[in-house]
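Each remark here refers to the structure printed beneath this line.
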Amino acid sequence: MKKVLAILAAASLAVVASAQGHNHGDGGHDAQIKSLYEKVTNLEKKSDAFNVFFNYAYSYQLGDATGDWRSSFKNKQFRLEVKGTFGDHLSYRLRHRMNRNNTAKGEDNFAKATDIMMLGWKFNDKWAVNIGKMCQIWGGFEFDENPMYIYQYSDFIDYMDNFMAGAMVSWHPVPSQELAFMVSNCYNGSFSEEFPYNQLHDGTYLKAAKHPLTYILNWNGSLFDGLLTTRWSVGRQVQAEGYYSDMVVLGQQLNLPKFQWYVDYMAEWDGVDRLTIASGDLGKLASDVRYHSFITKANWQFAPKWNLMGKAMYELASIHSVEAFKNYRTSIGWVGSLEYYPLKDQDLRFFVAYVGRQHKYSAESMLENINTNRIELGFMYRIKAY
């Protein structure tokens, strides 16, 4: 039973991971999970060259997003994942969303439905490189988690595009510390796809950059024998000629045997509104936009097979180039869930969860406040088929 309780903590404590897309929590808690092939045939797999996963989340939802309480059944997530390693050096990973548009985009020639298609090469215990389409290496623990496990993202991450074609080099000077540098595309689509109406709210026309790339420096640390882990990053994204998006993400997590707690801070300064939250509120493509997010989440394994989770989000948005939209938006969110893990050798959980959101706007913006609530009853299952 204690092994079941350690599943969540083990994922947090493992700072050094194989080259499977770099984001350490972006897969699942696979180390102690038996595949269905092994359970049915009672044969132990002898090779790690081919692994197949189905990431599936499903729930009955009751919510008041429209002002009236309405209910429905939702397929929240369904992502097919295939990954493996050959020897001590070569690895690969594919992850594809089954409920997304499959039209290839103009810049990376992949559909947004394809999260990851990459190859990794581990030179030794210190150096590794990944190439292909992968998750960008922004820090933070909410960002790092498998999307299947998220009941509600912060606005910041909910509006991010972060699966991009590129290359990443990582260095482990010591086993508990990792430094990584990544260069990737800034967008999946071409300039005309991303900016079909390429005029800013002030009348300025955008011009395509010659090198629309993203540069990220990342530090993943484990301190005090894993008691404290960090995921920090800083980066610049070249959006258009003369326009940039700068980001800082600082994530830190406390890891105790039956309690884990993280605090993330994310900030973005956009020449052109990248998240598009502010542009949607303004009704035009905004410039000089600033976002700040504070996120905290705690997991407590209070009894065998049970986990209690609480999460809070506080976020700010501002269009500094528009007087009526300076510091105009405050978003507050909270999530609570009770989870039950019935099987020790399967990453399966049943849950009941509550999600509340408030979007408050300044009087000068003349926007109406929004309040939403949602109750969910369902399950999440990372099925290790083979």
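Letters A, B, ... go to the chains of the structure tokens in the order shown; residues in each chain start at 1; ligands are counted from 1 in the same order.
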Taking only range 32-195 of chain A into account, list the residues labelled alpha helix (DSSP H) by DSSP (computed from the backbone), as JSON, numbers by chain. {"A": [36, 37, 38, 39, 40, 41, 141, 142, 143, 144, 155, 156, 157, 158, 191, 192, 193, 194]}
What would the file look like if the residues just selected were written as a short mmCIF file (atom, residue, chain, number, x, y, z; two decimals), in the first residue's frame with all heavy atoms?
data_model
loop_
_atom_site.label_atom_id
_atom_site.label_comp_id
_atom_site.auth_asym_id
_atom_site.auth_seq_id
_atom_site.Cartn_x
_atom_site.Cartn_y
_atom_site.Cartn_z
N LEU A 36 -0.55 -3.76 -19.78
CA LEU A 36 -1.62 -4.74 -19.93
C LEU A 36 -1.11 -6.01 -20.59
O LEU A 36 -1.58 -7.11 -20.30
CB LEU A 36 -2.77 -4.14 -20.74
CG LEU A 36 -3.44 -2.90 -20.13
CD1 LEU A 36 -4.64 -2.50 -20.97
CD2 LEU A 36 -3.85 -3.14 -18.69
N TYR A 37 -0.13 -5.88 -21.48
CA TYR A 37 0.48 -7.05 -22.10
C TYR A 37 1.09 -7.97 -21.05
O TYR A 37 0.88 -9.20 -21.07
CB TYR A 37 1.56 -6.60 -23.09
CG TYR A 37 2.50 -7.70 -23.53
CD1 TYR A 37 2.13 -8.58 -24.56
CD2 TYR A 37 3.75 -7.87 -22.93
CE1 TYR A 37 2.99 -9.59 -24.96
CE2 TYR A 37 4.61 -8.88 -23.32
CZ TYR A 37 4.22 -9.74 -24.34
OH TYR A 37 5.06 -10.75 -24.73
N GLU A 38 1.81 -7.40 -20.10
CA GLU A 38 2.43 -8.20 -19.04
C GLU A 38 1.39 -8.85 -18.15
O GLU A 38 1.54 -10.00 -17.72
CB GLU A 38 3.37 -7.32 -18.22
CG GLU A 38 4.60 -6.85 -18.96
CD GLU A 38 5.41 -5.83 -18.17
OE1 GLU A 38 4.90 -4.71 -17.99
OE2 GLU A 38 6.51 -6.18 -17.72
N LYS A 39 0.29 -8.11 -17.86
CA LYS A 39 -0.73 -8.65 -16.98
C LYS A 39 -1.50 -9.79 -17.65
O LYS A 39 -1.85 -10.79 -17.02
CB LYS A 39 -1.68 -7.54 -16.54
CG LYS A 39 -1.05 -6.52 -15.61
CD LYS A 39 -2.01 -5.41 -15.25
CE LYS A 39 -3.09 -5.91 -14.31
NZ LYS A 39 -2.58 -6.28 -12.99
N VAL A 40 -1.79 -9.65 -18.96
CA VAL A 40 -2.57 -10.67 -19.66
C VAL A 40 -1.75 -11.91 -19.95
O VAL A 40 -2.20 -13.04 -19.76
CB VAL A 40 -3.14 -10.08 -20.97
CG1 VAL A 40 -3.78 -11.17 -21.83
CG2 VAL A 40 -4.16 -9.00 -20.66
N THR A 41 -0.51 -11.72 -20.42
CA THR A 41 0.32 -12.87 -20.81
C THR A 41 1.13 -13.43 -19.66
O THR A 41 1.68 -14.53 -19.76
CB THR A 41 1.30 -12.46 -21.93
OG1 THR A 41 2.21 -11.46 -21.43
CG2 THR A 41 0.54 -11.91 -23.13
N PHE A 141 5.91 23.88 -12.23
CA PHE A 141 5.41 22.52 -12.00
C PHE A 141 4.04 22.30 -12.63
O PHE A 141 3.73 21.18 -13.03
CB PHE A 141 5.40 22.23 -10.50
CG PHE A 141 6.77 22.00 -9.96
CD1 PHE A 141 7.56 23.06 -9.52
CD2 PHE A 141 7.32 20.73 -9.94
CE1 PHE A 141 8.85 22.85 -9.05
CE2 PHE A 141 8.60 20.50 -9.48
CZ PHE A 141 9.38 21.56 -9.04
N GLU A 142 3.21 23.33 -12.73
CA GLU A 142 1.96 23.16 -13.46
C GLU A 142 2.25 22.87 -14.93
O GLU A 142 1.66 21.99 -15.54
CB GLU A 142 1.07 24.40 -13.34
CG GLU A 142 -0.27 24.21 -14.04
CD GLU A 142 -1.11 25.48 -14.11
OE1 GLU A 142 -0.56 26.54 -14.48
OE2 GLU A 142 -2.30 25.39 -13.79
N PHE A 143 3.19 23.61 -15.50
CA PHE A 143 3.55 23.44 -16.90
C PHE A 143 4.12 22.05 -17.16
O PHE A 143 3.92 21.45 -18.21
CB PHE A 143 4.58 24.50 -17.29
CG PHE A 143 5.03 24.42 -18.73
CD1 PHE A 143 4.27 25.02 -19.73
CD2 PHE A 143 6.18 23.75 -19.08
CE1 PHE A 143 4.68 24.94 -21.06
CE2 PHE A 143 6.59 23.67 -20.39
CZ PHE A 143 5.84 24.27 -21.39
N ASP A 144 4.84 21.50 -16.18
CA ASP A 144 5.56 20.25 -16.36
C ASP A 144 4.65 19.02 -16.29
O ASP A 144 4.99 17.96 -16.79
CB ASP A 144 6.64 20.13 -15.27
CG ASP A 144 7.55 18.94 -15.47
OD1 ASP A 144 8.26 18.91 -16.49
OD2 ASP A 144 7.53 18.04 -14.62
N ASP A 155 -4.97 30.51 -16.48
CA ASP A 155 -5.19 31.18 -17.76
C ASP A 155 -3.90 31.24 -18.57
O ASP A 155 -3.89 31.06 -19.79
CB ASP A 155 -5.72 32.60 -17.55
CG ASP A 155 -7.16 32.62 -17.06
OD1 ASP A 155 -7.83 31.58 -17.17
OD2 ASP A 155 -7.60 33.66 -16.55
N PHE A 156 -2.80 31.51 -17.90
CA PHE A 156 -1.50 31.66 -18.54
C PHE A 156 -1.17 30.43 -19.38
O PHE A 156 -0.87 30.52 -20.57
CB PHE A 156 -0.44 31.89 -17.46
CG PHE A 156 0.87 32.43 -17.97
CD1 PHE A 156 1.25 33.74 -17.69
CD2 PHE A 156 1.73 31.65 -18.71
CE1 PHE A 156 2.46 34.24 -18.14
CE2 PHE A 156 2.94 32.14 -19.18
CZ PHE A 156 3.30 33.44 -18.89
N ILE A 157 -1.22 29.26 -18.76
CA ILE A 157 -0.84 28.04 -19.48
C ILE A 157 -1.96 27.57 -20.39
O ILE A 157 -1.70 26.98 -21.45
CB ILE A 157 -0.43 26.95 -18.47
CG1 ILE A 157 0.88 27.37 -17.77
CG2 ILE A 157 -0.24 25.60 -19.16
CD1 ILE A 157 1.43 26.35 -16.82
N ASP A 158 -3.21 27.84 -20.03
CA ASP A 158 -4.33 27.44 -20.87
C ASP A 158 -4.24 28.05 -22.26
O ASP A 158 -4.68 27.44 -23.25
CB ASP A 158 -5.64 27.87 -20.20
CG ASP A 158 -6.73 26.82 -20.35
OD1 ASP A 158 -6.44 25.72 -20.86
OD2 ASP A 158 -7.86 27.10 -19.94
N PHE A 191 3.78 32.99 -40.70
CA PHE A 191 3.43 34.34 -40.27
C PHE A 191 2.00 34.70 -40.67
O PHE A 191 1.24 35.26 -39.86
CB PHE A 191 4.42 35.34 -40.88
CG PHE A 191 4.17 36.76 -40.47
CD1 PHE A 191 4.60 37.24 -39.23
CD2 PHE A 191 3.51 37.65 -41.32
CE1 PHE A 191 4.36 38.54 -38.85
CE2 PHE A 191 3.27 38.96 -40.94
CZ PHE A 191 3.70 39.40 -39.69
N SER A 192 1.60 34.34 -41.89
CA SER A 192 0.25 34.66 -42.34
C SER A 192 -0.81 33.86 -41.60
O SER A 192 -1.95 34.32 -41.43
CB SER A 192 0.12 34.42 -43.85
OG SER A 192 0.38 33.07 -44.17
N GLU A 193 -0.47 32.65 -41.16
CA GLU A 193 -1.41 31.86 -40.37
C GLU A 193 -1.58 32.42 -38.97
O GLU A 193 -2.69 32.44 -38.42
CB GLU A 193 -0.94 30.40 -40.29
CG GLU A 193 -1.10 29.62 -41.59
CD GLU A 193 -0.51 28.23 -41.49
OE1 GLU A 193 0.55 28.06 -40.84
OE2 GLU A 193 -1.10 27.30 -42.07
N GLU A 194 -0.48 32.85 -38.36
CA GLU A 194 -0.54 33.35 -37.00
C GLU A 194 -1.10 34.77 -36.93
O GLU A 194 -1.75 35.14 -35.95
CB GLU A 194 0.86 33.32 -36.37
CG GLU A 194 1.45 31.92 -36.24
CD GLU A 194 0.65 31.01 -35.34
OE1 GLU A 194 -0.02 31.52 -34.41
OE2 GLU A 194 0.67 29.79 -35.57
#
Residues within 8 Å of Trp127 in chain A, only C-alpha atoms, excluding chain neighbours under 6 positions, as a PyMOL selection string: chain A and resi 169-172
Tyr381 in chain A environment, 7 Å, only C-alpha atoms, sequence neighbours closer than 2 positions dropped, as an NGL selection string: :A and (55-57 or 347-349 or 379 or 383)
Suppose we keep all heavy atoms; can you now write the selection as a CSV table (one decimal), in the first residue's frame?
chain,number,residue,atom,x,y,z
A,55,ASN,N,-3.5,8.0,-22.8
A,55,ASN,CA,-3.7,8.9,-21.7
A,55,ASN,C,-5.2,9.4,-21.8
A,55,ASN,O,-5.6,10.1,-22.8
A,55,ASN,CB,-2.8,10.2,-21.8
A,55,ASN,CG,-1.4,9.8,-21.7
A,55,ASN,OD1,-0.9,9.6,-20.6
A,55,ASN,ND2,-0.7,9.7,-22.8
A,56,TYR,N,-6.0,8.9,-20.9
A,56,TYR,CA,-7.5,9.1,-21.1
A,56,TYR,C,-8.1,9.6,-19.8
A,56,TYR,O,-7.9,9.1,-18.7
A,56,TYR,CB,-8.2,7.8,-21.4
A,56,TYR,CG,-9.6,7.9,-21.7
A,56,TYR,CD1,-10.2,9.0,-22.4
A,56,TYR,CD2,-10.5,6.9,-21.3
A,56,TYR,CE1,-11.5,9.0,-22.7
A,56,TYR,CE2,-11.9,7.0,-21.5
A,56,TYR,CZ,-12.4,8.1,-22.2
A,56,TYR,OH,-13.7,8.2,-22.5
A,57,ALA,N,-8.8,10.7,-19.9
A,57,ALA,CA,-9.5,11.3,-18.8
A,57,ALA,C,-11.0,11.6,-19.2
A,57,ALA,O,-11.2,12.1,-20.3
A,57,ALA,CB,-8.9,12.6,-18.3
A,347,ASP,N,-1.8,3.2,-13.2
A,347,ASP,CA,-1.9,4.6,-12.9
A,347,ASP,C,-3.4,5.0,-13.2
A,347,ASP,O,-3.7,5.7,-14.2
A,347,ASP,CB,-1.0,5.4,-13.8
A,347,ASP,CG,-0.9,6.9,-13.5
A,347,ASP,OD1,-1.6,7.3,-12.5
A,347,ASP,OD2,-0.1,7.6,-14.1
A,348,LEU,N,-4.3,4.6,-12.3
A,348,LEU,CA,-5.7,4.8,-12.5
A,348,LEU,C,-6.2,5.5,-11.2
A,348,LEU,O,-5.8,5.2,-10.1
A,348,LEU,CB,-6.4,3.5,-12.6
A,348,LEU,CG,-8.0,3.5,-12.5
A,348,LEU,CD1,-8.6,4.3,-13.6
A,348,LEU,CD2,-8.5,2.1,-12.4
A,349,ARG,N,-7.0,6.6,-11.4
A,349,ARG,CA,-7.6,7.3,-10.3
A,349,ARG,C,-9.0,7.7,-10.6
A,349,ARG,O,-9.4,8.0,-11.7
A,349,ARG,CB,-6.8,8.6,-9.9
A,349,ARG,CG,-6.9,9.7,-10.9
A,349,ARG,CD,-5.9,10.8,-10.6
A,349,ARG,NE,-4.6,10.5,-11.0
A,349,ARG,CZ,-3.6,11.3,-11.0
A,349,ARG,NH1,-3.8,12.6,-10.6
A,349,ARG,NH2,-2.4,11.0,-11.3
A,379,PHE,N,-12.8,9.8,-14.0
A,379,PHE,CA,-11.6,9.0,-13.8
A,379,PHE,C,-10.5,9.5,-14.7
A,379,PHE,O,-10.8,10.1,-15.8
A,379,PHE,CB,-11.8,7.5,-13.9
A,379,PHE,CG,-12.1,7.1,-15.4
A,379,PHE,CD1,-11.1,6.8,-16.3
A,379,PHE,CD2,-13.4,7.0,-15.8
A,379,PHE,CE1,-11.4,6.4,-17.6
A,379,PHE,CE2,-13.7,6.6,-17.1
A,379,PHE,CZ,-12.7,6.3,-18.0
A,383,ILE,N,-3.1,4.4,-19.5
A,383,ILE,CA,-3.1,2.9,-19.8
A,383,ILE,C,-1.8,2.6,-20.4
A,383,ILE,O,-1.5,3.0,-21.5
A,383,ILE,CB,-4.3,2.6,-20.7
A,383,ILE,CG1,-5.6,3.1,-20.1
A,383,ILE,CG2,-4.3,1.1,-20.9
A,383,ILE,CD1,-6.8,3.0,-21.0
Residues at most 7 Å from range 310-321 of chain A, counting only C-alpha atoms, excluding those fewer than 2 positions away in the same chain, as a short mmCIF file (atom, residue, chain, number, x, y, z; two decimals) with N, CA and C atoms, in the first residue's frame?
data_model
loop_
_atom_site.label_atom_id
_atom_site.label_comp_id
_atom_site.auth_asym_id
_atom_site.auth_seq_id
_atom_site.Cartn_x
_atom_site.Cartn_y
_atom_site.Cartn_z
N SER A 154 -4.15 27.23 -15.18
CA SER A 154 -4.18 28.69 -15.06
C SER A 154 -4.46 29.27 -16.44
N ALA A 278 -5.67 39.30 -23.67
CA ALA A 278 -5.94 40.74 -23.70
C ALA A 278 -6.51 41.17 -25.04
N SER A 287 -0.66 45.28 -28.37
CA SER A 287 0.79 45.32 -28.18
C SER A 287 1.11 45.80 -26.77
N ASP A 288 2.36 45.57 -26.35
CA ASP A 288 2.82 45.98 -25.02
C ASP A 288 1.90 45.41 -23.93
N VAL A 289 1.78 44.07 -23.93
CA VAL A 289 0.90 43.36 -23.01
C VAL A 289 1.75 42.66 -21.94
N ARG A 290 1.26 42.67 -20.72
CA ARG A 290 1.98 42.06 -19.60
C ARG A 290 1.06 41.12 -18.83
N TYR A 291 1.59 39.94 -18.53
CA TYR A 291 0.86 38.93 -17.76
C TYR A 291 1.70 38.50 -16.56
N HIS A 292 1.03 38.30 -15.43
CA HIS A 292 1.67 37.76 -14.23
C HIS A 292 0.75 36.71 -13.62
N SER A 293 1.31 35.56 -13.26
CA SER A 293 0.52 34.48 -12.68
C SER A 293 1.21 33.90 -11.46
N PHE A 294 0.43 33.64 -10.42
CA PHE A 294 0.89 32.97 -9.21
C PHE A 294 0.01 31.74 -9.01
N ILE A 295 0.63 30.58 -8.91
CA ILE A 295 -0.10 29.31 -8.82
C ILE A 295 0.48 28.51 -7.66
N THR A 296 -0.37 27.93 -6.85
CA THR A 296 0.08 27.06 -5.78
C THR A 296 -0.81 25.83 -5.73
N LYS A 297 -0.21 24.68 -5.46
CA LYS A 297 -0.95 23.42 -5.45
C LYS A 297 -0.34 22.49 -4.42
N ALA A 298 -1.18 21.78 -3.68
CA ALA A 298 -0.73 20.83 -2.66
C ALA A 298 -1.44 19.50 -2.84
N ASN A 299 -0.69 18.41 -2.66
CA ASN A 299 -1.23 17.05 -2.65
C ASN A 299 -0.92 16.41 -1.31
N LEU A 308 -5.73 13.98 -1.43
CA LEU A 308 -6.52 15.21 -1.38
C LEU A 308 -5.70 16.32 -2.01
N GLU A 323 -4.70 53.12 -22.32
CA GLU A 323 -4.92 53.68 -20.99
C GLU A 323 -6.06 52.97 -20.25
N PHE A 325 -7.01 50.01 -20.45
CA PHE A 325 -6.75 48.59 -20.20
C PHE A 325 -5.46 48.36 -19.42
N LYS A 326 -4.94 49.38 -18.77
CA LYS A 326 -3.81 49.19 -17.87
C LYS A 326 -4.28 48.50 -16.60
N ASN A 327 -3.66 47.36 -16.28
CA ASN A 327 -4.01 46.59 -15.08
C ASN A 327 -5.53 46.37 -15.00
N TYR A 328 -6.10 45.94 -16.10
CA TYR A 328 -7.55 45.89 -16.23
C TYR A 328 -8.17 44.57 -15.79
N ARG A 329 -7.38 43.49 -15.70
CA ARG A 329 -7.97 42.15 -15.51
C ARG A 329 -7.31 41.42 -14.35
N THR A 330 -8.11 40.88 -13.45
CA THR A 330 -7.65 40.03 -12.36
C THR A 330 -8.43 38.72 -12.42
N SER A 331 -7.70 37.63 -12.48
CA SER A 331 -8.32 36.30 -12.56
C SER A 331 -7.96 35.52 -11.30
N ILE A 332 -8.97 34.96 -10.66
CA ILE A 332 -8.79 34.15 -9.45
C ILE A 332 -9.43 32.79 -9.70
N GLY A 333 -8.71 31.73 -9.36
CA GLY A 333 -9.24 30.38 -9.54
C GLY A 333 -8.87 29.48 -8.39
N TRP A 334 -9.72 28.48 -8.16
CA TRP A 334 -9.43 27.52 -7.10
C TRP A 334 -9.98 26.16 -7.53
N VAL A 335 -9.25 25.11 -7.14
CA VAL A 335 -9.60 23.74 -7.51
C VAL A 335 -9.40 22.86 -6.29
N GLY A 336 -10.30 21.95 -6.06
CA GLY A 336 -10.15 20.95 -5.01
C GLY A 336 -10.60 19.60 -5.53
N SER A 337 -9.90 18.54 -5.14
CA SER A 337 -10.31 17.20 -5.60
C SER A 337 -9.98 16.16 -4.54
#
Would you mind telling me which residue in A:Leu338, A:Ile150, A:Ala363, A:Leu62 lies nearest to Phe302 in chain A when using only C-alpha atoms?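 Of A:Leu338, A:Ile150, A:Ala363, A:Leu62, the one nearest Phe302 in chain A is A:Leu338, counting only C-alpha atoms.
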